[in-house]
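Read through the structure below, which is laid out as structure tokens, and then see the notes.
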Amino acid sequence: MTLTITAILLGIVEGLTEFLPVSSTGHLILATQLFGYDSELWATFNVVIQLGAILAVIAHFWRTFWAVGMGLLKLNPTSIRFVRNVLVAFLPSAVLGLLLNDWIEELLGDPGVVAWALIIGGIAILGIEKVAKPGPLTGVAELPISKCVGVGFAQCLAMIPGTSRSGATIMGALAMGIERRTAAEFSFFLAVPTMVGATALSLVKHREELMAGTGPVGWGEIGIGFAVSFVVALVVIKAFMAFVSRSGFSPFAWYRIAAGLLALYLLAGA
């Protein structure tokens, strides 16, 4: 399989899974393992192409981002609260991500961790779905700071590959009584600074390898993966919002458990 085809396939995996509570990073690690590549060597590629999915968030919610930007210029209280809530939720993962970056990169090379995290995360989703009592529909700007801080710390769980950033934030929000649609939207908006920061950190750390072209993939493959993940994620976001409003998150939990068990079986065979 050529690097170009692999980059396209990984871009599809990223776009499909970034905003679903099934762990995009975990799927990318497992996918590179199944393709016969060293997932540790592809770690930078896997992080950078996530920006394509993040760009899809901006494209899908561009009216919201535009309104918030214009509101900030006018010192609109709702826009200020929106930005405040997203930044407050972002801070815990920003601080811990810098402190634990080396440890996180070690875990990114362990597909066994991914498989177990998928299974445990699936069980957690089933439990939260059963006991959570979501409140009324509200906007992200109306959430109290205490709940935003709670969502931010929940997001830190996603530093363990296979946990799922969107899954951790959405389930954390549901556990605190935030309504499903608001929880999903907050997860999308929080993804923007989180993934931009993670990508910037990865690029700085591996800049010499990327500039010299000594890594397993170059900028061409990264660009292909980026573009594919953008297109696929743009389709997924709209479908996901409609799905969770009707059916909740339990189907994703069962998928996680099945995928984790299958991964353990395949890894044992390998």
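Each chain in the structure tokens gets a letter, A, B and so on, in the order shown; residues start at 1 in every chain, and ligands are counted from 1 in the order they appear.
Summary of the local environment: counting only C-alpha atoms, residues at most 6 Å from region 254-265 of chain A, other than itself and those fewer than 2 positions away along its chain, are Val22, Ala115, Leu118, Ile119, Gly122, Pro251, Phe252, Leu267 and Ala268 of chain A.
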Residues just named, written with N, CA and C atoms as an mmCIF file, in the first residue's frame:
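Done, and the output landed in result10.cif:
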```cif
data_model
loop_
_atom_site.group_PDB
_atom_site.id
_atom_site.type_symbol
_atom_site.label_atom_id
_atom_site.label_comp_id
_atom_site.auth_asym_id
_atom_site.auth_seq_id
_atom_site.Cartn_x
_atom_site.Cartn_y
_atom_site.Cartn_z
ATOM 1 N N VAL A 22 -15.845 7.865 20.024
ATOM 2 C CA VAL A 22 -15.222 6.555 19.801
ATOM 3 C C VAL A 22 -13.700 6.628 19.724
ATOM 4 N N ALA A 115 -7.073 -0.294 22.940
ATOM 5 C CA ALA A 115 -8.122 -1.316 22.977
ATOM 6 C C ALA A 115 -8.837 -1.338 24.325
ATOM 7 N N LEU A 118 -10.988 1.799 24.839
ATOM 8 C CA LEU A 118 -12.244 1.728 24.093
ATOM 9 C C LEU A 118 -13.293 0.954 24.884
ATOM 10 N N ILE A 119 -12.894 -0.169 25.437
ATOM 11 C CA ILE A 119 -13.836 -1.013 26.181
ATOM 12 C C ILE A 119 -14.309 -0.313 27.453
ATOM 13 N N GLY A 122 -16.551 2.619 26.690
ATOM 14 C CA GLY A 122 -17.890 2.190 26.273
ATOM 15 C C GLY A 122 -18.766 1.853 27.466
ATOM 16 N N PRO A 251 -25.481 3.637 21.267
ATOM 17 C CA PRO A 251 -24.947 2.884 20.127
ATOM 18 C C PRO A 251 -23.426 3.015 19.983
ATOM 19 N N PHE A 252 -22.890 4.199 20.310
ATOM 20 C CA PHE A 252 -21.444 4.402 20.230
ATOM 21 C C PHE A 252 -20.732 3.607 21.323
ATOM 22 N N LEU A 267 -4.688 -7.963 17.961
ATOM 23 C CA LEU A 267 -3.363 -7.701 18.502
ATOM 24 C C LEU A 267 -2.753 -8.971 19.082
ATOM 25 N N ALA A 268 -3.596 -9.803 19.706
ATOM 26 C CA ALA A 268 -3.098 -11.076 20.249
ATOM 27 C C ALA A 268 -2.616 -11.979 19.126
#
```
Checklist entry - Got a sec: who's within 9 Å of Ala198 (chain A), counting only C-alpha atoms, leaving out chain neighbours fewer than 2 positions off, as a list in words? => result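 Neighbouring residues, sequence-local ones excluded: Val47, Val48, Ala94, Gly97, Pro193, Thr194, Met195, Val196, Ala200, Leu201, Ser202 and Leu203 of chain A.
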Suppose we keep N, CA, C and O atoms; can you now write the selection as an mmCIF file, in the first residue's frame?
```cif
data_model
loop_
_atom_site.group_PDB
_atom_site.id
_atom_site.type_symbol
_atom_site.label_atom_id
_atom_site.label_comp_id
_atom_site.auth_asym_id
_atom_site.auth_seq_id
_atom_site.Cartn_x
_atom_site.Cartn_y
_atom_site.Cartn_z
ATOM 1 N N VAL A 47 -1.726 13.656 14.454
ATOM 2 C CA VAL A 47 -2.134 14.869 15.170
ATOM 3 C C VAL A 47 -2.463 15.990 14.196
ATOM 4 O O VAL A 47 -3.498 16.653 14.304
ATOM 5 N N VAL A 48 -1.602 16.199 13.204
ATOM 6 C CA VAL A 48 -1.767 17.341 12.303
ATOM 7 C C VAL A 48 -3.036 17.238 11.460
ATOM 8 O O VAL A 48 -3.736 18.235 11.250
ATOM 9 N N ALA A 94 -4.681 22.174 28.591
ATOM 10 C CA ALA A 94 -3.515 22.911 28.113
ATOM 11 C C ALA A 94 -2.356 22.770 29.092
ATOM 12 O O ALA A 94 -1.209 22.505 28.704
ATOM 13 N N GLY A 97 -1.402 18.988 29.379
ATOM 14 C CA GLY A 97 -0.810 18.538 28.122
ATOM 15 C C GLY A 97 0.655 18.920 28.009
ATOM 16 O O GLY A 97 1.481 18.138 27.522
ATOM 17 N N PRO A 193 -9.630 25.181 20.174
ATOM 18 C CA PRO A 193 -8.348 25.538 20.813
ATOM 19 C C PRO A 193 -7.545 24.318 21.250
ATOM 20 O O PRO A 193 -6.300 24.342 21.217
ATOM 21 N N THR A 194 -8.239 23.254 21.656
ATOM 22 C CA THR A 194 -7.532 22.071 22.141
ATOM 23 C C THR A 194 -6.687 21.432 21.048
ATOM 24 O O THR A 194 -5.493 21.151 21.234
ATOM 25 N N MET A 195 -7.286 21.200 19.880
ATOM 26 C CA MET A 195 -6.558 20.520 18.816
ATOM 27 C C MET A 195 -5.566 21.442 18.121
ATOM 28 O O MET A 195 -4.524 20.985 17.629
ATOM 29 N N VAL A 196 -5.870 22.732 18.054
ATOM 30 C CA VAL A 196 -4.882 23.672 17.507
ATOM 31 C C VAL A 196 -3.643 23.670 18.388
ATOM 32 O O VAL A 196 -2.504 23.643 17.903
ATOM 33 N N ALA A 200 0.079 22.414 17.276
ATOM 34 C CA ALA A 200 1.209 23.339 17.344
ATOM 35 C C ALA A 200 2.346 22.735 18.162
ATOM 36 O O ALA A 200 3.530 22.807 17.774
ATOM 37 N N LEU A 201 2.018 22.101 19.285
ATOM 38 C CA LEU A 201 3.031 21.482 20.137
ATOM 39 C C LEU A 201 3.746 20.353 19.402
ATOM 40 O O LEU A 201 4.973 20.229 19.467
ATOM 41 N N SER A 202 2.976 19.549 18.669
ATOM 42 C CA SER A 202 3.569 18.435 17.928
ATOM 43 C C SER A 202 4.468 18.942 16.799
ATOM 44 O O SER A 202 5.550 18.396 16.561
ATOM 45 N N LEU A 203 4.039 20.001 16.109
ATOM 46 C CA LEU A 203 4.843 20.556 15.012
ATOM 47 C C LEU A 203 6.150 21.141 15.524
ATOM 48 O O LEU A 203 7.207 20.977 14.912
#
```
Checklist entry - For His27 (chain A), which residue among A:Ala227, A:Ser164, A:Ile54, A:Leu174 is the nearest when counting only C-alpha atoms? => result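 Ranked by minimum distance to His27 (chain A), first place goes to A:Ser164.
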Next on the checklist: Which residues are near Ser187 (chain A)? Cut-off 7 Å, only C-alpha atoms, ignore same chain within fewer than 3 positions. Put them as a ChimeraX atom specification.
Outcome noted: /A:166,169-170,183-184,190-191
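Neighbours of Glu129 (chain A) closer than or equal to 8 Å, with only C-alpha atoms counted and sequence neighbours fewer than 6 positions away skipped, come out as Leu174, Gly248, Phe249 and Ser250 of chain A.
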Using N, CA, C and O atoms, can you write the selected residues to a file as a compact mmCIF listing (two decimals), in the first residue's frame?
```txt
# COMPACT_ATOMS: atom_id res chain seq x y z
N LEU A 174 -22.81 15.61 30.28
CA LEU A 174 -24.07 14.95 30.61
C LEU A 174 -24.13 14.59 32.10
O LEU A 174 -25.18 14.74 32.74
N GLY A 248 -29.38 9.31 21.38
CA GLY A 248 -28.43 9.27 22.48
C GLY A 248 -27.10 8.68 22.07
O GLY A 248 -26.77 8.57 20.88
N PHE A 249 -26.31 8.24 23.06
CA PHE A 249 -24.94 7.82 22.81
C PHE A 249 -24.69 6.32 23.01
O PHE A 249 -23.58 5.85 22.78
N SER A 250 -25.71 5.58 23.44
CA SER A 250 -25.52 4.15 23.70
C SER A 250 -25.01 3.36 22.50
O SER A 250 -24.16 2.46 22.66
```
Next on the checklist: Could you list, as an MDAnalysis selection string, every residue within 10 Å of Pro161 (chain A), counting only C-alpha atoms and ignoring same-chain residues fewer than 4 positions away?
Outcome noted: chainID A and resid 23:29 104:105 107:118 157 165
Could you write out the selected residues, including N, CA and C atoms, as a PDB file, in the first residue's frame?
```pdb
ATOM      1  N   SER A  23     -13.131   7.832  19.838  1.00  0.00           N
ATOM      2  CA  SER A  23     -11.686   8.078  19.842  1.00  0.00           C
ATOM      3  C   SER A  23     -11.060   8.029  18.451  1.00  0.00           C
ATOM      4  N   SER A  24     -10.845   9.206  17.881  1.00  0.00           N
ATOM      5  CA  SER A  24     -10.184   9.292  16.578  1.00  0.00           C
ATOM      6  C   SER A  24      -8.719   8.883  16.697  1.00  0.00           C
ATOM      7  N   THR A  25      -8.038   9.350  17.752  1.00  0.00           N
ATOM      8  CA  THR A  25      -6.626   9.000  17.927  1.00  0.00           C
ATOM      9  C   THR A  25      -6.468   7.495  18.092  1.00  0.00           C
ATOM     10  N   GLY A  26      -7.351   6.894  18.876  1.00  0.00           N
ATOM     11  CA  GLY A  26      -7.295   5.450  19.062  1.00  0.00           C
ATOM     12  C   GLY A  26      -7.470   4.707  17.759  1.00  0.00           C
ATOM     13  N   HIS A  27      -8.421   5.145  16.944  1.00  0.00           N
ATOM     14  CA  HIS A  27      -8.642   4.477  15.658  1.00  0.00           C
ATOM     15  C   HIS A  27      -7.450   4.671  14.719  1.00  0.00           C
ATOM     16  N   LEU A  28      -6.835   5.852  14.754  1.00  0.00           N
ATOM     17  CA  LEU A  28      -5.669   6.089  13.906  1.00  0.00           C
ATOM     18  C   LEU A  28      -4.500   5.199  14.332  1.00  0.00           C
ATOM     19  N   ILE A  29      -4.315   5.057  15.647  1.00  0.00           N
ATOM     20  CA  ILE A  29      -3.238   4.192  16.136  1.00  0.00           C
ATOM     21  C   ILE A  29      -3.477   2.746  15.707  1.00  0.00           C
ATOM     22  N   ILE A 104       2.404  11.198  27.235  1.00  0.00           N
ATOM     23  CA  ILE A 104       1.312  11.023  26.279  1.00  0.00           C
ATOM     24  C   ILE A 104       1.846  10.415  24.976  1.00  0.00           C
ATOM     25  N   GLU A 105       2.991  10.921  24.506  1.00  0.00           N
ATOM     26  CA  GLU A 105       3.552  10.407  23.257  1.00  0.00           C
ATOM     27  C   GLU A 105       3.969   8.944  23.391  1.00  0.00           C
ATOM     28  N   LEU A 107       2.354   6.738  25.215  1.00  0.00           N
ATOM     29  CA  LEU A 107       1.105   5.987  25.132  1.00  0.00           C
ATOM     30  C   LEU A 107       0.595   5.896  23.703  1.00  0.00           C
ATOM     31  N   LEU A 108       0.896   6.920  22.882  1.00  0.00           N
ATOM     32  CA  LEU A 108       0.419   6.929  21.499  1.00  0.00           C
ATOM     33  C   LEU A 108       0.974   5.768  20.691  1.00  0.00           C
ATOM     34  N   GLY A 109       2.044   5.148  21.175  1.00  0.00           N
ATOM     35  CA  GLY A 109       2.622   4.017  20.459  1.00  0.00           C
ATOM     36  C   GLY A 109       2.155   2.672  20.982  1.00  0.00           C
ATOM     37  N   ASP A 110       1.155   2.664  21.862  1.00  0.00           N
ATOM     38  CA  ASP A 110       0.716   1.407  22.483  1.00  0.00           C
ATOM     39  C   ASP A 110      -0.736   1.097  22.101  1.00  0.00           C
ATOM     40  N   PRO A 111      -0.961   0.260  21.084  1.00  0.00           N
ATOM     41  CA  PRO A 111      -2.325  -0.067  20.669  1.00  0.00           C
ATOM     42  C   PRO A 111      -3.100  -0.846  21.731  1.00  0.00           C
ATOM     43  N   GLY A 112      -2.392  -1.544  22.625  1.00  0.00           N
ATOM     44  CA  GLY A 112      -3.074  -2.265  23.696  1.00  0.00           C
ATOM     45  C   GLY A 112      -3.813  -1.323  24.630  1.00  0.00           C
ATOM     46  N   VAL A 113      -3.190  -0.173  24.922  1.00  0.00           N
ATOM     47  CA  VAL A 113      -3.843   0.848  25.755  1.00  0.00           C
ATOM     48  C   VAL A 113      -5.120   1.332  25.081  1.00  0.00           C
ATOM     49  N   VAL A 114      -5.040   1.515  23.761  1.00  0.00           N
ATOM     50  CA  VAL A 114      -6.213   1.971  23.001  1.00  0.00           C
ATOM     51  C   VAL A 114      -7.367   0.984  23.131  1.00  0.00           C
ATOM     52  N   ALA A 115      -7.073  -0.294  22.940  1.00  0.00           N
ATOM     53  CA  ALA A 115      -8.122  -1.316  22.977  1.00  0.00           C
ATOM     54  C   ALA A 115      -8.837  -1.338  24.325  1.00  0.00           C
ATOM     55  N   TRP A 116      -8.078  -1.326  25.422  1.00  0.00           N
ATOM     56  CA  TRP A 116      -8.695  -1.344  26.749  1.00  0.00           C
ATOM     57  C   TRP A 116      -9.454  -0.051  27.034  1.00  0.00           C
ATOM     58  N   ALA A 117      -8.915   1.086  26.564  1.00  0.00           N
ATOM     59  CA  ALA A 117      -9.606   2.367  26.774  1.00  0.00           C
ATOM     60  C   ALA A 117     -10.936   2.403  26.031  1.00  0.00           C
ATOM     61  N   LEU A 118     -10.988   1.799  24.839  1.00  0.00           N
ATOM     62  CA  LEU A 118     -12.244   1.728  24.093  1.00  0.00           C
ATOM     63  C   LEU A 118     -13.293   0.954  24.884  1.00  0.00           C
ATOM     64  N   LEU A 157      -9.030  13.386  30.476  1.00  0.00           N
ATOM     65  CA  LEU A 157      -9.022  11.925  30.386  1.00  0.00           C
ATOM     66  C   LEU A 157      -8.642  11.468  28.983  1.00  0.00           C
ATOM     67  N   ARG A 165     -11.646  12.291  23.058  1.00  0.00           N
ATOM     68  CA  ARG A 165     -11.794  13.656  23.560  1.00  0.00           C
ATOM     69  C   ARG A 165     -13.260  14.068  23.564  1.00  0.00           C
TER      70      ARG A 165
END
```
Next on the checklist: Neighbouring residues of Ile8 (chain A) were defined as those with any atom within 10 Å, considering only C-alpha atoms; residues of the same chain fewer than 6 positions away were excluded. Please report them as a list in words.
Outcome noted: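 Everything that qualifies: Glu14, Glu221, Ile222, Gly223, Ile224, Gly225, Phe226, Ala227, Val228 and Ser229 of chain A.
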Using N, CA and C atoms, can you export the residues from the last selection as a PDB file, in the first residue's frame?
```pdb
ATOM      1  N   GLU A  14      -9.947   9.589  10.441  1.00  0.00           N
ATOM      2  CA  GLU A  14      -9.958  10.780  11.293  1.00  0.00           C
ATOM      3  C   GLU A  14     -11.267  11.558  11.151  1.00  0.00           C
ATOM      4  N   GLU A 221       1.748  14.024   2.048  1.00  0.00           N
ATOM      5  CA  GLU A 221       0.823  13.072   2.675  1.00  0.00           C
ATOM      6  C   GLU A 221       0.003  13.746   3.770  1.00  0.00           C
ATOM      7  N   ILE A 222       0.656  14.627   4.538  1.00  0.00           N
ATOM      8  CA  ILE A 222      -0.069  15.355   5.579  1.00  0.00           C
ATOM      9  C   ILE A 222      -1.177  16.213   4.966  1.00  0.00           C
ATOM     10  N   GLY A 223      -0.866  16.868   3.840  1.00  0.00           N
ATOM     11  CA  GLY A 223      -1.868  17.699   3.169  1.00  0.00           C
ATOM     12  C   GLY A 223      -3.049  16.877   2.665  1.00  0.00           C
ATOM     13  N   ILE A 224      -2.766  15.696   2.128  1.00  0.00           N
ATOM     14  CA  ILE A 224      -3.835  14.815   1.647  1.00  0.00           C
ATOM     15  C   ILE A 224      -4.714  14.364   2.812  1.00  0.00           C
ATOM     16  N   GLY A 225      -4.091  13.922   3.894  1.00  0.00           N
ATOM     17  CA  GLY A 225      -4.850  13.501   5.069  1.00  0.00           C
ATOM     18  C   GLY A 225      -5.676  14.627   5.639  1.00  0.00           C
ATOM     19  N   PHE A 226      -5.113  15.829   5.649  1.00  0.00           N
ATOM     20  CA  PHE A 226      -5.808  17.022   6.137  1.00  0.00           C
ATOM     21  C   PHE A 226      -7.071  17.288   5.321  1.00  0.00           C
ATOM     22  N   ALA A 227      -6.939  17.295   3.999  1.00  0.00           N
ATOM     23  CA  ALA A 227      -8.072  17.597   3.122  1.00  0.00           C
ATOM     24  C   ALA A 227      -9.169  16.548   3.231  1.00  0.00           C
ATOM     25  N   VAL A 228      -8.783  15.283   3.260  1.00  0.00           N
ATOM     26  CA  VAL A 228      -9.768  14.208   3.345  1.00  0.00           C
ATOM     27  C   VAL A 228     -10.511  14.262   4.675  1.00  0.00           C
ATOM     28  N   SER A 229      -9.781  14.489   5.767  1.00  0.00           N
ATOM     29  CA  SER A 229     -10.433  14.548   7.076  1.00  0.00           C
ATOM     30  C   SER A 229     -11.408  15.718   7.158  1.00  0.00           C
TER      31      SER A 229
END
```
Item to check | Secondary structure check, alpha helix (DSSP H) residues of region 41-252 of chain A, as JSON, numbers by chain | outcome: {"A": [43, 44, 45, 46, 47, 48, 50, 51, 52, 53, 54, 55, 56, 57, 58, 59, 60, 62, 63, 64, 65, 66, 67, 68, 69, 70, 71, 72, 73, 77, 78, 79, 80, 81, 82, 83, 84, 85, 86, 87, 88, 89, 90, 91, 92, 93, 94, 95, 96, 97, 98, 99, 101, 102, 103, 104, 105, 106, 107, 111, 112, 113, 114, 115, 116, 117, 118, 119, 120, 121, 122, 123, 124, 125, 126, 127, 128, 129, 130, 131, 145, 146, 147, 148, 149, 150, 151, 152, 153, 154, 155, 156, 165, 166, 167, 168, 169, 170, 171, 172, 173, 174, 175, 180, 181, 182, 183, 184, 185, 186, 187, 188, 189, 190, 191, 192, 193, 194, 195, 196, 197, 198, 199, 200, 201, 202, 203, 204, 205, 207, 208, 209, 210, 211, 212, 219, 220, 221, 222, 223, 224, 225, 226, 227, 228, 229, 230, 231, 232, 233, 234, 235, 236, 237, 238, 239, 240, 241, 242, 243, 244, 245, 246, 247, 250, 251, 252]}
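Nearest residue to Val131 (chain A), choosing from A:Ile237, A:Leu266, A:Met171, A:Ala242 and counting only C-alpha atoms: A:Met171.
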Checklist entry - So which one's closest to Trp66 (chain A), A:Lys130, A:Val244, A:Ser79, A:Thr163? Using only C-alpha atoms, please. => result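 Using only C-alpha atoms, Trp66 (chain A) sits closest to A:Ser79.
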Item to check | Selected residue, from A:Leu98, A:Phe153, A:Ser245, A:Gly162, that lies nearest to Leu30 (chain A) when counting only C-alpha atoms | outcome: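 Going through A:Leu98, A:Phe153, A:Ser245, A:Gly162 one by one, the smallest distance to Leu30 (chain A) is for A:Gly162.
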